[in-house]
Structure formats: structure tokens, C-alpha cells
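Student: So I've got this file, structure.cif, and it contains mmCIF, C-alpha atoms and all ligand atoms:
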```cif
data_structure
#
loop_
_atom_site.label_atom_id
_atom_site.label_comp_id
_atom_site.auth_asym_id
_atom_site.auth_seq_id
_atom_site.Cartn_x
_atom_site.Cartn_y
_atom_site.Cartn_z
CA MET E 17 134.76 114.03 80.58
CA LEU E 18 131.37 112.86 81.76
CA GLY E 19 130.85 112.30 85.46
CA LEU E 20 129.30 109.05 86.66
CA SER E 21 125.98 110.73 87.44
CA GLU E 22 125.81 112.08 83.92
CA LYS E 23 126.59 108.67 82.40
CA MET E 24 124.00 107.00 84.62
CA PHE E 25 121.43 109.62 83.66
CA GLN E 26 122.04 109.01 79.95
CA GLN E 27 121.65 105.27 80.46
CA ALA E 28 118.53 105.72 82.62
CA LYS E 29 116.91 107.89 79.94
CA LYS E 30 117.02 104.92 77.56
CA LEU E 31 115.17 102.73 80.04
CA ILE E 32 112.86 104.95 82.07
CA PRO E 33 110.89 107.94 80.71
CA GLY E 34 113.09 110.99 81.32
CA GLY E 35 115.44 108.75 83.28
CA VAL E 36 113.32 109.19 86.40
CA ASN E 37 110.39 107.65 88.24
CA SER E 38 108.89 110.98 89.27
CA PRO E 39 109.16 113.99 86.93
CA VAL E 40 110.70 116.71 89.12
CA ARG E 41 113.80 114.54 89.69
CA ALA E 42 114.83 115.09 86.05
CA TYR E 43 115.88 118.73 86.72
CA SER E 44 114.13 119.83 83.51
CA LEU E 45 113.23 123.29 84.82
CA VAL E 46 116.77 124.13 85.89
CA ALA E 47 118.49 122.61 82.84
CA GLU E 48 121.01 120.64 84.86
CA ASN E 49 121.85 116.96 85.16
CA PRO E 50 120.54 115.48 88.40
CA PRO E 51 123.16 113.98 90.71
CA PHE E 52 122.62 110.24 91.11
CA ILE E 53 122.57 109.56 94.83
CA SER E 54 124.56 106.66 96.18
CA ARG E 55 123.84 107.10 99.88
CA GLY E 56 122.70 109.45 102.60
CA ALA E 57 123.89 109.97 106.16
CA GLY E 58 122.23 112.43 108.54
CA ALA E 59 121.78 115.79 106.82
CA TYR E 60 124.04 114.78 103.93
CA LEU E 61 123.65 113.14 100.54
CA TYR E 62 126.53 111.63 98.57
CA ASP E 63 126.41 111.26 94.81
CA GLU E 64 128.00 108.68 92.53
CA ASP E 65 130.86 111.09 91.77
CA GLY E 66 131.73 111.33 95.45
CA ARG E 67 130.37 114.84 95.96
CA SER E 68 128.51 115.59 99.18
CA TYR E 69 125.52 117.87 99.67
CA ILE E 70 123.57 119.33 102.56
CA ASP E 71 120.13 117.94 101.80
CA TYR E 72 117.09 120.26 101.82
CA VAL E 73 114.85 117.82 99.94
CA ASN E 74 114.88 114.97 102.44
CA SER E 75 112.94 112.66 100.18
CA TRP E 76 110.43 115.49 99.67
CA GLY E 77 109.84 115.83 103.36
CA ALA E 78 109.66 112.19 104.43
CA THR E 79 113.04 111.68 106.11
CA ILE E 80 112.60 114.16 108.95
CA LEU E 81 115.27 112.50 111.14
CA GLY E 82 117.82 112.67 108.32
CA HIS E 83 119.22 109.73 106.39
CA ALA E 84 120.12 106.32 107.77
CA HIS E 85 119.26 107.28 111.34
CA GLN E 86 120.86 104.62 113.53
CA LYS E 87 117.82 103.60 115.55
CA VAL E 88 115.43 103.71 112.62
CA THR E 89 117.81 101.59 110.55
CA ALA E 90 118.28 99.05 113.34
CA ASP E 91 114.53 98.70 113.91
CA ILE E 92 113.84 98.26 110.19
CA ILE E 93 116.53 95.57 109.90
CA HIS E 94 115.10 93.76 112.91
CA ARG E 95 111.65 93.85 111.32
CA VAL E 96 112.86 92.77 107.86
CA LYS E 97 114.39 89.63 109.34
CA GLN E 98 110.92 88.54 110.45
CA GLY E 99 109.49 88.73 106.95
CA VAL E 100 108.65 91.75 104.81
CA SER E 101 104.94 91.32 104.09
CA PHE E 102 102.11 89.03 105.16
CA GLY E 103 98.89 90.51 103.83
CA ALA E 104 97.45 89.91 107.29
CA PRO E 105 96.86 92.16 110.30
CA THR E 106 99.91 92.98 112.45
CA LEU E 107 100.20 94.68 115.86
CA GLY E 108 102.35 97.51 114.49
CA GLU E 109 99.45 98.89 112.44
CA SER E 110 97.37 99.58 115.56
CA GLN E 111 100.40 100.99 117.37
CA LEU E 112 101.06 103.44 114.56
CA ALA E 113 97.36 104.33 114.30
CA GLU E 114 97.28 104.97 118.05
CA LYS E 115 100.34 107.20 117.88
CA ILE E 116 98.95 109.29 115.03
CA ILE E 117 95.56 109.64 116.69
CA ALA E 118 97.17 110.68 119.99
CA HIS E 119 98.85 113.66 118.33
CA MET E 120 96.09 114.55 115.87
CA PRO E 121 92.78 114.28 117.73
CA THR E 122 90.58 115.09 114.71
CA LEU E 123 91.51 111.63 113.44
CA GLU E 124 89.43 109.09 115.34
CA MET E 125 90.20 106.21 112.97
CA VAL E 126 92.75 105.81 110.19
CA ARG E 127 93.23 103.53 107.20
CA PHE E 128 96.80 102.93 105.96
CA VAL E 129 97.67 102.92 102.26
CA ASN E 130 100.94 103.12 100.29
CA SER E 131 101.12 106.67 98.93
CA GLY E 132 99.70 110.12 99.34
CA THR E 133 98.07 109.77 95.93
CA GLU E 134 96.20 106.71 97.05
CA ALA E 135 95.19 108.30 100.34
CA CYS E 136 93.79 111.47 98.69
CA MET E 137 91.95 109.44 96.07
CA SER E 138 90.40 107.28 98.79
CA ALA E 139 89.47 110.26 100.98
CA VAL E 140 87.59 111.85 98.08
CA ARG E 141 85.80 108.58 97.32
CA LEU E 142 84.84 108.36 100.98
CA ALA E 143 83.57 111.95 101.03
CA ARG E 144 81.45 111.25 97.97
CA GLY E 145 80.12 108.03 99.49
CA TYR E 146 79.34 109.67 102.82
CA THR E 147 77.63 112.80 101.50
CA GLN E 148 76.05 111.13 98.46
CA LYS E 149 77.14 114.21 96.51
CA LYS E 150 79.65 114.24 93.68
CA MET E 151 81.51 117.54 93.25
CA VAL E 152 84.92 118.29 94.74
CA VAL E 153 86.54 121.69 95.27
CA LYS E 154 90.32 121.98 95.13
CA PHE E 155 92.62 124.98 94.87
CA ASP E 156 94.90 125.99 92.05
CA GLY E 157 98.43 124.78 92.68
CA HIS E 158 97.51 122.48 95.55
CA TYR E 159 98.76 118.98 94.86
CA HIS E 160 96.91 115.89 95.97
CA GLY E 161 98.76 113.23 94.03
CA HIS E 162 98.06 112.08 90.51
CA CYS E 163 94.69 110.36 90.62
CA ASP E 164 92.56 111.46 87.66
CA ALA E 165 89.86 113.37 89.50
CA LEU E 166 92.42 115.56 91.30
CA LEU E 167 94.58 116.28 88.26
CA ALA E 168 92.60 119.32 87.24
CA GLY E 169 94.18 122.60 86.31
CA ALA E 170 92.86 126.07 86.81
CA GLY E 171 89.68 127.36 85.36
CA SER E 172 89.56 131.15 85.25
CA GLY E 173 88.13 133.00 88.21
CA VAL E 174 85.32 131.00 89.67
CA ALA E 175 85.78 127.76 87.82
CA THR E 176 82.67 126.20 86.43
CA GLU E 177 84.47 124.04 83.92
CA SER E 178 87.68 122.24 84.74
CA LEU E 179 90.53 121.52 82.41
CA ALA E 180 92.50 118.34 82.90
CA ALA E 181 96.10 119.02 83.94
CA SER E 182 97.38 115.96 82.09
CA GLU E 183 96.81 114.25 78.80
CA GLY E 184 95.02 110.97 79.34
CA VAL E 185 92.74 112.45 81.96
CA THR E 186 89.29 112.61 80.43
CA LEU E 187 87.08 115.64 80.82
CA GLY E 188 84.63 113.20 82.37
CA SER E 189 87.01 112.43 85.25
CA VAL E 190 87.49 116.10 86.12
CA ALA E 191 83.98 117.27 85.28
CA ASP E 192 83.05 117.20 88.97
CA THR E 193 86.25 118.89 90.14
CA LEU E 194 86.12 122.64 90.65
CA VAL E 195 89.41 124.49 90.86
CA LEU E 196 89.46 127.78 92.77
CA PRO E 197 92.20 130.31 93.56
CA PHE E 198 93.51 129.84 97.13
CA ASN E 199 92.73 132.53 99.72
CA ASN E 200 89.93 133.96 97.59
CA THR E 201 86.84 134.29 99.78
CA ALA E 202 84.54 135.59 97.02
CA ALA E 203 85.16 132.60 94.74
CA LEU E 204 84.63 130.22 97.65
CA GLN E 205 81.38 131.87 98.68
CA GLU E 206 80.05 131.82 95.13
CA VAL E 207 80.79 128.13 94.56
CA PHE E 208 79.19 127.13 97.86
CA GLU E 209 76.07 129.15 97.14
CA ARG E 210 75.75 127.58 93.73
CA TYR E 211 76.73 123.96 94.43
CA GLY E 212 77.13 123.54 98.18
CA ARG E 213 73.87 122.04 99.27
CA ASP E 214 73.09 119.67 96.42
CA HIS E 215 76.33 118.86 94.66
CA LEU E 216 79.43 119.53 96.72
CA SER E 217 80.85 116.52 98.61
CA CYS E 218 84.10 117.95 99.91
CA VAL E 219 86.80 120.59 99.76
CA ILE E 220 90.28 119.09 99.67
CA PHE E 221 93.16 121.47 100.34
CA GLU E 222 96.64 121.97 101.75
CA ILE E 223 96.32 124.12 104.89
CA ILE E 224 99.76 125.59 104.21
CA ALA E 225 100.24 125.14 100.47
CA GLY E 226 103.65 123.60 99.89
CA ASN E 227 103.42 122.41 96.30
CA CYS E 228 103.31 125.88 94.73
CA GLY E 229 105.85 127.70 96.83
CA PHE E 230 105.15 128.16 100.54
CA ILE E 231 101.75 129.85 100.86
CA ARG E 232 99.99 130.41 104.16
CA PRO E 233 96.22 130.45 104.47
CA GLN E 234 94.65 133.75 105.42
CA PRO E 235 92.74 133.46 108.71
CA GLU E 236 89.49 134.91 107.29
CA PHE E 237 89.67 132.49 104.38
CA LEU E 238 90.12 129.51 106.70
CA SER E 239 87.26 130.48 108.98
CA LEU E 240 84.96 131.05 106.01
CA LEU E 241 85.95 127.65 104.61
CA GLN E 242 85.21 125.88 107.89
CA ASP E 243 81.89 127.76 108.26
CA LEU E 244 80.67 127.10 104.74
CA CYS E 245 81.51 123.40 105.00
CA GLN E 246 79.50 123.12 108.19
CA ARG E 247 76.58 125.14 106.86
CA TYR E 248 76.27 123.19 103.59
CA GLN E 249 77.24 119.75 104.96
CA VAL E 250 80.34 119.56 102.84
CA LEU E 251 83.29 117.60 104.22
CA LEU E 252 86.50 119.49 104.90
CA VAL E 253 89.45 117.32 103.84
CA ALA E 254 92.85 118.57 105.00
CA ASP E 255 95.65 117.20 102.86
CA GLU E 256 98.50 117.17 105.38
CA VAL E 257 100.66 114.71 103.46
CA MET E 258 103.40 117.35 103.51
CA THR E 259 102.62 119.34 106.67
CA GLY E 260 101.55 116.48 108.97
CA PHE E 261 104.19 115.89 111.69
CA ARG E 262 106.40 118.39 109.84
CA VAL E 263 105.24 121.90 110.72
CA HIS E 264 104.01 120.89 114.18
CA VAL E 265 103.39 117.65 116.06
CA GLY E 266 99.65 118.17 115.53
CA GLY E 267 100.03 119.22 111.90
CA ALA E 268 99.03 122.54 110.34
CA GLN E 269 95.47 121.96 111.60
CA SER E 270 96.70 122.37 115.15
CA LEU E 271 98.63 125.58 114.29
CA TYR E 272 95.54 127.06 112.66
CA HIS E 273 92.96 125.58 115.06
CA LEU E 274 91.14 123.85 112.27
CA THR E 275 88.81 120.86 112.63
CA PRO E 276 88.76 118.93 109.36
CA ASP E 277 86.33 116.05 108.90
CA LEU E 278 89.00 114.01 107.16
CA THR E 279 92.79 114.32 107.07
CA VAL E 280 95.30 112.81 104.70
CA LEU E 281 98.83 112.02 105.89
CA GLY E 282 101.91 110.60 104.17
CA LYS E 283 105.62 111.45 103.88
CA VAL E 284 106.79 111.83 107.54
CA ILE E 285 104.49 109.11 108.92
CA GLY E 286 106.40 106.58 106.81
CA GLY E 287 109.80 108.07 107.61
CA GLY E 288 110.91 107.46 104.01
CA MET E 289 109.14 104.15 103.38
CA PRO E 290 105.96 103.90 101.24
CA LEU E 291 103.21 104.65 103.75
CA ALA E 292 100.30 107.07 103.95
CA CYS E 293 96.86 107.16 105.52
CA TYR E 294 93.54 108.88 105.56
CA GLY E 295 91.47 109.26 108.67
CA GLY E 296 88.99 111.41 110.50
CA ARG E 297 85.59 111.33 112.14
CA ARG E 298 84.57 107.86 113.29
CA ASP E 299 81.08 108.04 111.76
CA ILE E 300 82.64 108.77 108.37
CA MET E 301 85.46 106.21 108.63
CA LYS E 302 82.90 103.58 109.59
CA ILE E 303 81.53 103.43 106.07
CA VAL E 304 84.88 102.25 104.64
CA SER E 305 84.91 98.57 103.66
CA PRO E 306 84.57 96.05 105.25
CA LEU E 307 82.31 98.03 107.64
CA GLY E 308 80.50 99.95 104.95
CA GLY E 309 79.97 100.38 101.27
CA VAL E 310 82.98 102.53 100.30
CA TYR E 311 85.47 100.06 98.85
CA GLN E 312 89.20 100.51 99.35
CA ALA E 313 91.92 97.86 99.64
CA GLY E 314 95.65 97.20 99.16
CA THR E 315 97.89 94.12 98.89
CA LEU E 316 100.79 95.87 100.61
CA SER E 317 98.80 98.34 102.74
CA GLY E 318 100.06 98.61 106.31
CA ASN E 319 103.27 96.90 105.24
CA PRO E 320 105.11 95.83 108.42
CA VAL E 321 108.50 97.25 107.40
CA ALA E 322 107.02 100.62 106.40
CA VAL E 323 104.95 100.67 109.60
CA GLN E 324 108.06 99.96 111.70
CA CYS E 325 109.90 102.80 109.99
CA GLY E 326 106.97 105.12 110.71
CA LEU E 327 106.66 103.97 114.32
CA THR E 328 110.32 104.50 115.19
CA THR E 329 110.38 107.82 113.34
CA LEU E 330 107.34 109.18 115.19
CA ASP E 331 108.69 107.85 118.52
CA LEU E 332 111.96 109.72 118.14
CA LEU E 333 110.29 112.81 116.72
CA CYS E 334 107.34 113.37 119.05
CA ASP E 335 108.33 111.94 122.37
CA ARG E 336 111.31 114.25 122.69
CA SER E 337 109.58 117.01 120.82
CA GLN E 338 112.02 118.11 118.16
CA TYR E 339 109.81 120.79 116.64
CA SER E 340 111.34 123.73 118.48
CA TYR E 341 114.72 122.65 117.13
CA LEU E 342 113.37 122.38 113.58
CA SER E 343 111.74 125.82 113.94
CA HIS E 344 115.01 127.28 115.21
CA LEU E 345 116.81 125.93 112.13
CA SER E 346 114.20 127.10 109.62
CA SER E 347 113.89 130.57 111.12
CA THR E 348 117.68 131.05 111.25
CA LEU E 349 117.84 130.10 107.60
CA THR E 350 114.88 132.14 106.34
CA THR E 351 115.86 135.21 108.39
CA GLY E 352 119.41 134.95 107.04
CA LEU E 353 118.24 134.62 103.45
CA LYS E 354 115.89 137.59 103.76
CA LYS E 355 118.65 139.80 105.19
CA GLN E 356 121.07 138.84 102.43
CA ALA E 357 118.47 139.49 99.72
CA GLU E 358 117.55 142.84 101.26
CA ARG E 359 121.17 143.99 101.37
CA LEU E 360 121.67 142.95 97.74
CA GLN E 361 118.29 144.38 96.71
CA VAL E 362 117.16 141.07 95.26
CA PRO E 363 113.38 140.61 95.38
CA LEU E 364 112.82 137.58 97.63
CA VAL E 365 109.90 136.32 99.67
CA CYS E 366 110.90 133.68 102.20
CA ASP E 367 108.87 131.94 104.89
CA GLY E 368 108.89 128.71 106.87
CA GLU E 369 107.21 126.75 109.65
CA GLY E 370 108.70 123.94 111.72
CA GLY E 371 110.75 121.72 109.41
CA MET E 372 109.74 123.25 106.08
CA PHE E 373 110.34 126.53 104.28
CA GLY E 374 110.09 128.13 100.86
CA TYR E 375 111.67 131.02 98.95
CA THR E 376 110.31 132.82 95.89
CA PHE E 377 111.94 135.53 93.79
CA THR E 378 109.20 138.13 93.89
CA THR E 379 108.38 141.35 95.73
CA HIS E 380 104.89 140.78 97.11
CA PRO E 381 103.65 138.24 99.65
CA LEU E 382 102.20 135.02 98.24
CA GLU E 383 98.46 134.41 98.23
CA SER E 384 97.94 131.88 95.47
CA LYS E 385 99.72 130.00 92.72
CA LYS E 386 99.58 132.89 90.26
CA ASP E 387 101.96 134.85 92.52
CA VAL E 388 104.51 132.06 92.11
CA ASP E 389 103.86 131.87 88.34
CA GLN E 390 104.84 135.53 88.17
CA ALA E 391 108.07 135.10 90.13
CA ASN E 392 111.44 135.39 88.40
CA MET E 393 112.44 132.01 86.97
CA LYS E 394 115.81 133.23 85.71
CA TYR E 395 116.83 134.28 89.25
CA PHE E 396 115.70 130.93 90.55
CA LYS E 397 117.87 129.08 88.02
CA ILE E 398 120.97 131.17 88.79
CA PHE E 399 120.46 130.68 92.52
CA PHE E 400 119.74 126.97 92.27
CA SER E 401 122.77 126.18 90.08
CA GLU E 402 125.17 128.14 92.26
CA MET E 403 123.85 126.48 95.42
CA LEU E 404 124.22 123.04 93.84
CA LYS E 405 127.82 123.86 92.91
CA CYS E 406 128.42 124.83 96.55
CA GLY E 407 127.03 121.47 97.71
CA ILE E 408 123.58 122.65 98.76
CA TYR E 409 120.88 120.27 97.53
CA LEU E 410 117.60 122.17 97.03
CA PRO E 411 114.42 121.21 95.17
CA PRO E 412 114.98 121.92 91.45
CA SER E 413 111.72 123.84 91.00
CA PRO E 414 110.35 127.13 92.38
CA TYR E 415 107.07 125.36 93.06
CA GLU E 416 108.51 122.93 95.62
CA SER E 417 109.09 123.54 99.33
CA CYS E 418 112.38 122.81 101.10
CA PHE E 419 112.73 120.44 104.04
CA LEU E 420 114.95 120.26 107.09
CA SER E 421 115.73 117.29 109.27
CA THR E 422 116.67 116.98 112.92
CA ALA E 423 120.11 115.88 111.70
CA HIS E 424 120.84 119.39 110.38
CA THR E 425 123.07 121.46 112.66
CA ASP E 426 123.68 125.18 113.13
CA ASP E 427 126.96 124.67 111.27
CA ASP E 428 125.05 123.26 108.29
CA ILE E 429 122.80 126.34 108.31
CA GLN E 430 125.82 128.68 108.47
CA GLN E 431 127.49 126.84 105.60
CA THR E 432 124.25 127.13 103.63
CA LEU E 433 124.09 130.88 104.33
CA ARG E 434 127.68 131.34 103.12
CA ALA E 435 126.68 129.63 99.87
CA SER E 436 123.47 131.65 99.55
CA GLN E 437 125.41 134.89 100.03
CA GLN E 438 127.45 133.94 96.98
CA ALA E 439 124.45 132.68 94.99
CA LEU E 440 122.35 135.77 95.77
CA SER E 441 125.28 138.01 94.76
CA GLN E 442 125.21 136.36 91.35
CA VAL E 443 121.47 136.94 91.15
CA ALA E 444 122.06 140.60 92.11
CA GLU E 445 124.73 140.98 89.43
CA PHE E 446 122.33 139.62 86.82
CA HIS E 447 119.51 141.78 88.25
CA ASN E 448 121.62 144.93 87.89
CA THR E 449 122.98 144.22 84.40
CA SER E 450 119.54 143.24 83.06
CA GLU E 451 118.01 146.46 84.41
CA GLU E 452 120.41 148.71 82.51
C1 LIG E 501 103.43 114.52 98.19
C2 LIG E 501 102.02 114.92 98.31
C3 LIG E 501 100.97 114.11 97.85
C4 LIG E 501 101.21 112.84 97.08
O1 LIG E 501 101.87 111.87 97.81
P1 LIG E 501 102.63 110.69 97.04
O2 LIG E 501 103.11 109.80 98.14
O3 LIG E 501 103.71 111.33 96.24
O4 LIG E 501 101.63 110.03 96.15
C5 LIG E 501 99.68 114.50 98.11
N1 LIG E 501 99.42 115.64 98.75
C6 LIG E 501 100.39 116.47 99.18
C7 LIG E 501 100.02 117.72 99.90
C8 LIG E 501 101.72 116.15 98.96
O5 LIG E 501 102.67 117.00 99.37
#
```
Can you turn what I pasted into C-alpha cells?
Tutor:
Amino acid sequence: MLGLSEKMFQQAKKLIPGGVNSPVRAYSLVAENPPFISRGAGAYLYDEDGRSYIDYVNSWGATILGHAHQKVTADIIHRVKQGVSFGAPTLGESQLAEKIIAHMPTLEMVRFVNSGTEACMSAVRLARGYTQKKMVVKFDGHYHGHCDALLAGAGSGVATESLAASEGVTLGSVADTLVLPFNNTAALQEVFERYGRDHLSCVIFEIIAGNCGFIRPQPEFLSLLQDLCQRYQVLLVADEVMTGFRVHVGGAQSLYHLTPDLTVLGKVIGGGMPLACYGGRRDIMKIVSPLGGVYQAGTLSGNPVAVQCGLTTLDLLCDRSQYSYLSHLSSTLTTGLKKQAERLQVPLVCDGEGGMFGYTFTTHPLESKKDVDQANMKYFKIFFSEMLKCGIYLPPSPYESCFLSTAHTDDDIQQTLRASQQALSQVAEFHNTSEE
């Protein structure tokens, strides 16, 4: 007999491409049916069939206080009752801007938009307008939303030609996008020498890459990147849509002592409502319309309900700094997973920072996307399916990071580790039989 989720998925597939409004939700890689979620409470999700899950997706990182947090919910309801959108300035926008700027000093001004995609697209337009140069460097596997210019796949080695990563993206729209392997100093040096002075407007990147596993930047790579940008007058654009207010109150840039010219934020700053922003140096932000010639606008931008959700979320998160608690949870979990894998002789690389972590079935440390491409997909599928059966809700792709919330408890982590012991044992069993 079909469960309700399965029936709903079949119906949705007739109406919405793949039954989903964002591709990874369809569970295509893991060949499962996605649970349809009816509600969330704290660290838990409940599906339409009445099953409960410990949630490690948290709306892809946005709901850092967990689901339906009492104070956040109350403040949103209060705000909704006063009208949901005006298309006019409201006090909350400055309050949220002030709060963000207070914790992330490299942002001197911010502009709110509705999604990370929009914010990255606008930041690149701004960089091009400011530098009067047209090329953009990005790194293979780093995700900056789905605007055409940033949907470029890998070229080989030092990319001189880019391939579009999607049909419908013209070669023209990605012709000025160069895709390099992350953590590769030689490729970076070469591209700057060739294009830096005359053509390169900005480098956009994830400081800790979270959209192709969990990949840390190497210190020498970061310092070279910052140096080259300064030397060639190329803007450094840190895409902290995922890591901002998640790995640390000052973002990954504060952990790595980085000074980007522009920063892109999303996810946590909206607390689960559609909200993102780009911001940075005042002299750069001052050329955004209406002050300057770089046009950017939005009917619903700075939406009062989304802003309220962001404000209350950041209040609760930063003012009683919750990051040591999040770090405690993620390190308990990643240490536990590593020990289990070691004992079972399953190849597993596992790492985390603050409220996010990743795990990859491979033997060597991760430097760039190709290391994740080479990881064992079969092990991932076995592990994922067993965890789901045990009520542990993880991202259904080895390329996605996992997210904790302040609503998670030590008991939740222990329950997760009991499930992972079982799931990793199944991986080990498969590992052993397939080796014979
Ligand atoms: C999620 C994400 C985006 C895109 O944000 P959307 O709100 O999904 O458009 C951009 N950059 C990074 C690093 C992200 O993690």
C-alpha cells in the first residue's frame, strides 16, 4: 500500500516538474521517495505519514533555531497582522542591516533581496560596474545560485573556455566566467597574470565550500587569493549565503581572517523566510541605484515579515552566543562518526564547523570538487537510506552539507550516532562482500 507521501509525490509530479520546486528535493540521486513534510517542531520534522525525523537539513541551513521557534513564530504573527508587504521603507530593514553590520564589519552597507541567487547575481553586476571589467572567476563545485553567468561548469585545468552547466544558458552568458579548481594556487596565479589587470572584475567563492561536500580553504590559497585581488584591483566576493551566521557569528571570513570587498548572505539571516543580501565596502555599495549607475530593484525586497523573522532569529542567536553550543554538537557528531567508520574500516572523511558539517565516503582529505566526484556513491546511498529508515533526515546528495540547529540536544546526537552505527555496519558489510 502506498503511503501518503508517496501518493502526494505522484500527484505533485503531474503538476510540478519532478514534483518539486528545487531539484535536490526529488531524491533522484538516492532513488527514494521524498517524505512530504507536514510540520516541524524544534529539531524534528513530521511527515504526512506521521513519521518523525531528526532534521539535519534545516531548510538547507536557514532554520538555525530549529522549527517553529516560539519567539520567532510569535514575532512573525505580530508582524503579519500589521500587513505583509508595503513596497515602502520600514524601520526593520535598518535594524536588520545594523545587526548584520555589527557582527560582520567588512560590510559597511547592505542591500536586501529575496534569495541567494539574486544576491550573488547582483554582487557580480556590482563588481563589474565598479571595476569596469567583465570577467568573473568562480571555483568548480562552488554554488552561487542559478543566475546564468554563474551556472558554468568546469573547464579542464586552467579554464580558458567555460561550459554552461545547464541547457538554456548560452555560451555568451558564461563566456566571461572562468571556472578554476578550488585550492589550486597555480591555476589562480596563471589566470590573474593573464586576465587580472585588464579583464577580471571579481572572484566569487565560498570560503568553506559547502555545496560540494564540506571543503576547507587552504591557508596559503586564501592568502594568495587576497593578495592577487589587491594587486590586480579585482574585487573579492565572499559568498557566505551558507556559512554566514552559521559557522561563526562573524561568518567564515572572521574564522579565516579574510577581508572581502563584498559579501553575500542569505539562509540564516532570513531564519527560513525568503531574504538575502549583498553588502561590503561603502565606496562600492554607493554605486548601487538610486545612488549610482548599477541598477538593482525588487518588489518584495526587504519584506517586513521576512525581515522580522531575520531580526528575531539573529537576536536569539547572537546576543546569547549559541555558536559554542552548535560547535559542541557538530564536533560530538563528526568525532563519533569518524570513530565508528574507523572501527568498521569504512573510508570516511568527516568535518564540521559551528552549525554545519559534511561527510564523504573517501580516504583522502578533500581539496576540490573532484575529490567528492571520486567518492563512493554506493556507500552514500546505503548509508542515507538506512539513516532515513531510522528517522534521521539528511541531505539526499553527497554534494550537500548537513545543518544543525540550536534545538538539537545531546540526546538527539546520541540517537543519531546509534543509527549511524547501524548504517555504517551495512556499508561495511557491502564493502567487505564487494572486495572479495
Ligand atoms: C544556497 C546558496 C545560494 C543560493 O541561494 P538561494 O536562496 O537558494 O537562491 C548561493 N550561494 C551559496 C553558497 C548557497 O549555499
Student: Can you tell me, as an NGL selection string, what residues are no more than 9 Å from region 373-386 of chain E when counting all atoms listed in the file, ignoring any on the same chain fewer than 4 positions away?
Tutor: :E and (155-158 or 197-200 or 225-226 or 228-234 or 346-347 or 349-350 or 353 or 362-369 or 390-393 or 395-396 or 414-420)
Student: Identify, counting only C-alpha atoms and all ligand atoms, the protein, DNA and RNA residues located within 9 Å of ligand LIG 501 (chain E), and give them as a ChimeraX atom specification.
Tutor: /E:38,76-77,130-136,158-163,221-227,254-259,280-283,290-292
Student: May I ask for the distance between CA of His344 (chain E) and CA of His264 (chain E), given in Å to one decimal place?
Tutor: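 Taking CA of His344 (chain E) as the start and CA of His264 (chain E) as the end point, the length is 12.8 Å.
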Student: To one decimal place, how far is CA of Met151 (chain E) from CA of Asp387 (chain E) in Å?
Tutor: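 So the answer is 26.8 Å.
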Student: Excluding Gln242 (chain E) and its own-chain neighbours fewer than 5 positions away, which residues fall within 12 Å of it when counting only C-alpha atoms? Please give them as JSON, numbers by chain.
Tutor: {"E": [201, 204, 205, 208, 218, 219, 220, 221, 223, 235, 236, 237, 247, 248, 249, 250, 251, 252, 253, 254, 269, 272, 273, 274, 275, 276, 277]}
Student: When you look at region 306-309 of chain E with a cut-off of 12 Å (counting only C-alpha atoms), what residues show up, excluding the ones that are within fewer than 6 positions of it in the same chain? I need them as a ChimeraX atom specification.
Tutor: /E:127,141-142,144-146,148,298-300
Student: Rounded to one decimal in Å, what is the spacing between CA of Asp335 (chain E) and CA of Val73 (chain E)?
Tutor: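 Pair CA of Asp335 (chain E) / CA of Val73 (chain E) returns 24.1 Å.
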Student: With all atoms listed in the file as the basis for distance, which of E:Leu330, E:Leu194, E:Val88, E:Ala313 is at the shortest distance from Lys115 (chain E)?
Tutor: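 Looking only at the distances to Lys115 (chain E), the closest residue turns out to be E:Leu330.
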Student: Step by step, gather every atom of region 58-74 of chain E that the file lists, find the box along x, y and z that holds them, add 3 Å on each side, and finally give centre and edge lengths in Å to one decimal, as lines of an AutoDock Vina configuration file.
Tutor:
```
center_x = 123.3
center_y = 114.5
center_z = 100.2
size_x = 22.9
size_y = 17.6
size_z = 22.8
```
Student: Counting only C-alpha atoms, which of E:Gln438, E:Ser239, E:Thr186, E:Thr147 gets nearest to Asp164 (chain E)?
Tutor: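 Closest to Asp164 (chain E) of all the choices is E:Thr186.
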Student: I'd like to know which of E:Arg41, E:Gly103, E:Ser436, E:Asn448 is closest to Glu402 (chain E), using all atoms listed in the file.
Tutor: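 Closest candidate: E:Ser436.
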Student: Could you tell me which of E:Phe52, E:Tyr341, E:Phe261, E:Phe399 comes closest to Glu445 (chain E) if we count all atoms listed in the file?
Tutor: E:Phe399
Student: Give me the residues near Val265 (chain E) as a list of chain:residue names, where near means some atom within 10 Å (using all atoms listed in the file) and where sequence neighbours in that chain fewer than 2 positions away do not count.
Tutor: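 Those residues are E:Ile116, E:His119, E:Met120, E:Thr259, E:Gly260, E:Phe261, E:Arg262, E:Val263, E:Gly267, E:Ala268, E:Ser270, E:Leu271, E:Leu330, E:Leu333, E:Cys334, E:Asp335, E:Ser337, E:Gln338, E:Tyr339, E:Gly370.
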Student: Of the candidates E:Gln27, E:Thr328, E:Ser421, E:Thr279, which shows the shortest atom-to-atom distance to His94 (chain E), using only C-alpha atoms?
Tutor: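 That would be E:Thr328, the residue with the smallest distance to His94 (chain E).
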